[in-house]
Amino acid sequence: MIRCPAIRHALLAATLFGGGALPAQAAERLTLQVLSTTDLHMYLRDYDYYADRPDAAVGLVRVAPLIRAARQAQPNTLLVDNGDLIQGTPMGDWVARERGLGKDRPHPAIAALNLLGYDAAVLGNHEFNFGLDFQAQAYAGARFPVLAGNVFKVDGDSDAGNDQTLFAPYTILERTMTDSAGTAQTLRIGLLGVLTPQIMTWDKDKLDGRVTTRDIVDSARRWLPEIKAKGADVVVALCHGGLTAAPRQGGEENACNYLTALDGIDAVVTGHAHRVFPGPDYKGFPGADMDKGTINGKPLVMAGSFGSNLGVLELTLEKGPQGWHVVDGRGRTEAIQTRKNGKPVSLTEPDGDLTALLTGDHEGTLRFVRQAVGRTSGRFHSYFAYLGDSAAVDLVAKAQRDYTARAVQGTENAGLPILSAAAPFKAGGRPGPDYYTDIPAGQIAIKNVADLYVYPNQLAVVRISGAQVRDWLEMSSRALAVIDPKSTAPQPLANPQVPSFNFDIIDGVTYRIDLTRPERFDRAGKLVNADAHRIVDLRYQGQPVRDDQMFLVATNNYRANGGGDFPGLDGSNVVYQSPDTVQQIIIDYIRSKGVIEPKTDGTWSLEPVAAPVTIVYDTAPAARDLVKEQPRLRELGPGENGFVRFAVDLSPKGSK
């Protein structure tokens with residue numbers, strides 16, 4: 001029996017008003033703010049090096065004011081980068097190829113993070129594109145911990161227990177924070193870093209025999225007890241990977257949301273997918289609360305790409321008998337730009353200190369990208385890359401074929417037909433209506449080549465059968481949506497779930513794509529419809545391609561080693577890999593020609609659809625000036641997010 005009237009009264013009030021517990025002395029509380037950038041891809045300045053003009057929609061210099069304002073509003077703040085930092089714009093290529101690194105020449109991206117006072121960073125997959133030696137040089141200048149908890153050095157023995165990580169798996173930062181009462185408190189924050197293990201596929205040629213990777217979730221489970229044993233009050237996972245709604249199987253590229261289910265992890269920073277969470281991109285995602293920015297009750301944030309957003313995690317901690325612990329949390333993002341009435345509106349101005357720091361590297365990049373390599377008699381662009389053969393893609397394919405023909409001379413593969421696979425890397429989609437290749441007639445400079453081919457991939461050549469060529473194209477055709485011939489509702493031409501860099505066009509054969517047929521493969525390259533064939537009338541030199549016919553296909557090391565999960569491509573059938581990047585191969589090809597002409601050879605087209613369907617295609621407003629190239633298009637008006645929408649006439653009459 002409770003004898004004290006005051007205590008009885010308190011219990012009754014708690015019961016009646018939903019308190020559920022006896023009121024006690026107010027607990028010590030504090031708020032920890034974790035700011036994050038991700039997938040900056042060398043967009044440090046607010047500048048488009050491809051178009052050679054300022055761009056207020058990108059750049060760490062535009063994010064910096066948000067960082068400074070957030071720190072001022074909440075001093076209990078950490079700032080982290082979630083990877084894919086040192087590769088992307090031509091500045092990254094210039095640093096790696098020409099400028100170089102040294103004691104007095106730090107990597108500009110690392111210098112920028114140092115200036116802004118970053119507390120930690122995790123590696124992303126693109127940190128491995130230039131090789132391990134360059135990576136080590138670049139991050140040697142970091143004044144903050146660099147993490148990679150699931151990338152291990154190959155030591156040659158069979159004992160996995162003694163393997164050493166390439167970079168630290170985690171760090172524990174001891175910081176003095178101010179609680180809600182204004183009292184200084186010591187907080188120990190554990191930061192765990194993991195990244196997509198698929199780097200071993202995508203950069204196999206640079207990593208095989210030197211490092212190996214392990215599963216994201218298993219690696220987190222390994223390090224969490226150690227982090228907690230060393231006294232971490234709170235643990236935030238920095239995970240360079242995306243999110244997936246699929247059940248866990250192990251080894252996933254996009255496994256970051258699984259981390260929210262692990263005891264001991266209080267919040268997660270994600271990236272890699274170039275999307276925004278919380279936001280419409282993940283509407284209906286399992287376990288997600290878009291209002292709070294949580295998955296499975298844990299705060300999680302993904303801050304887009306190229307400096308478009310700042311990620312913000314707000315964690316409420318309470319001090320109990322066992323120390324500080326998280327009792328609540330939220331995740332959100334802050335954008336550097338918005339749209340009003342379909343037009344972009346800047347929300348920040350470039351940070352003066354960071355802009356000044358980057359001036360020398362910016363000017364060096366401009367000199368680099370403005371170097372002339374040749375001329376073009378007309379305009380190359382990717383505005384209609386989903387509608388049929390594109391001169392921009394054709395140029396890449398021709399350069400690759402020309403290089404391959406010379407490379408295999410005198411080898412056992414010299415007599416095989418040479419095909420060439422290339423994709424429209426910049427074709428709108430999630431990056432927005434300005435993300436297209438557009439090279440005007442006249443002088444071609446390195447910036448134009450980088451606009452055409454944005455990655456530092458090396459050329460690789462695979463030897464495959466006609467059946468594998470067909471399956472390659474079937475997988476590629478997933479970039480185009482499946483059209484229901486019975487539906488009268490508008491249907492999109494493009495499949496937004498497939499990035500344009502996975503829309504390979506194979507030059508040297510001819511074929512059509514039947515949009516009304518189902519997909520043969522799923523996202524992981526698994527055969528799901530054995531009877532489905534979207535690729536029709538596949539021919540080589542006018543004759544049907546035989547399943548047993550052998551070909552050489554020029555592509556890049558990412559695709560040849562299994563990037564994109566294309567069936568039959570896992571690195572085992574690579575017969576040649578160049579020491580040169582594809583960008584350099586294109587530059588040399590243009591120089592050898594002097595003047596190039598924007599033309600195509602009719603590699604592929606869309607199969608006519610007899611049913612009266614309405615197919616819509618979103619592209620850039622700039623495409624209006626070129627619509628005469630596509631008589632099948634009829635403008636419908638504005639699309640979403642600044643795009644313009646066209647109806648595509650795929651009727652037999654329109655296709656003619």
# chains A, B, ... in the order shown; residues from 1 in each chain; ligands from 1
>>> closest_atom_pairs(of="region 65-154 of chain A", to="region 317-336 of chain A", cutoff="12 Å", atoms="only C-alpha atoms", output="Markdown table")
| residue | atom | partner | partner_atom | distance |
| --- | --- | --- | --- | --- |
| A:Pro65 | CA | A:Ile336 | CA | 9.3 |
| A:Leu66 | CA | A:Glu334 | CA | 7.7 |
| A:Ile67 | CA | A:Glu334 | CA | 9.9 |
| A:Ala69 | CA | A:Glu334 | CA | 11.3 |
| A:Ala70 | CA | A:Glu334 | CA | 10.1 |
| A:Asn76 | CA | A:Leu317 | CA | 11.6 |
>>> write_last_selection(atoms="C-alpha atoms", output="PDB file, in the first residue's frame")
ATOM      1  CA  PRO A  65      26.120  28.636 -45.775  1.00  0.00           C
ATOM      2  CA  LEU A  66      23.599  26.014 -44.660  1.00  0.00           C
ATOM      3  CA  ILE A  67      26.330  24.314 -42.636  1.00  0.00           C
ATOM      4  CA  ALA A  69      23.763  28.519 -40.192  1.00  0.00           C
ATOM      5  CA  ALA A  70      22.982  25.079 -38.739  1.00  0.00           C
ATOM      6  CA  ASN A  76      26.159  20.594 -30.554  1.00  0.00           C
TER       7      ASN A  76
END
>>> closest_residue(among="A:Asp81, A:Glu349, A:Asp205, A:Asp484", to="Asp46 (chain A)", atoms="only C-alpha atoms")
A:Glu349
>>> residues_around(residues="region 105-117 of chain A", least_positions_apart="2", cutoff="8 Å", atoms="only C-alpha atoms", output="PyMOL selection string")
chain A and resi 42+44+64+79+85-86+95+100-103+119+138-139+141-144+354+357-358+361
>>> closest_residue(among="A:Ser180, A:Thr212, A:Gln249, A:Asn254", to="Thr165 (chain A)", atoms="only C-alpha atoms")
A:Thr212
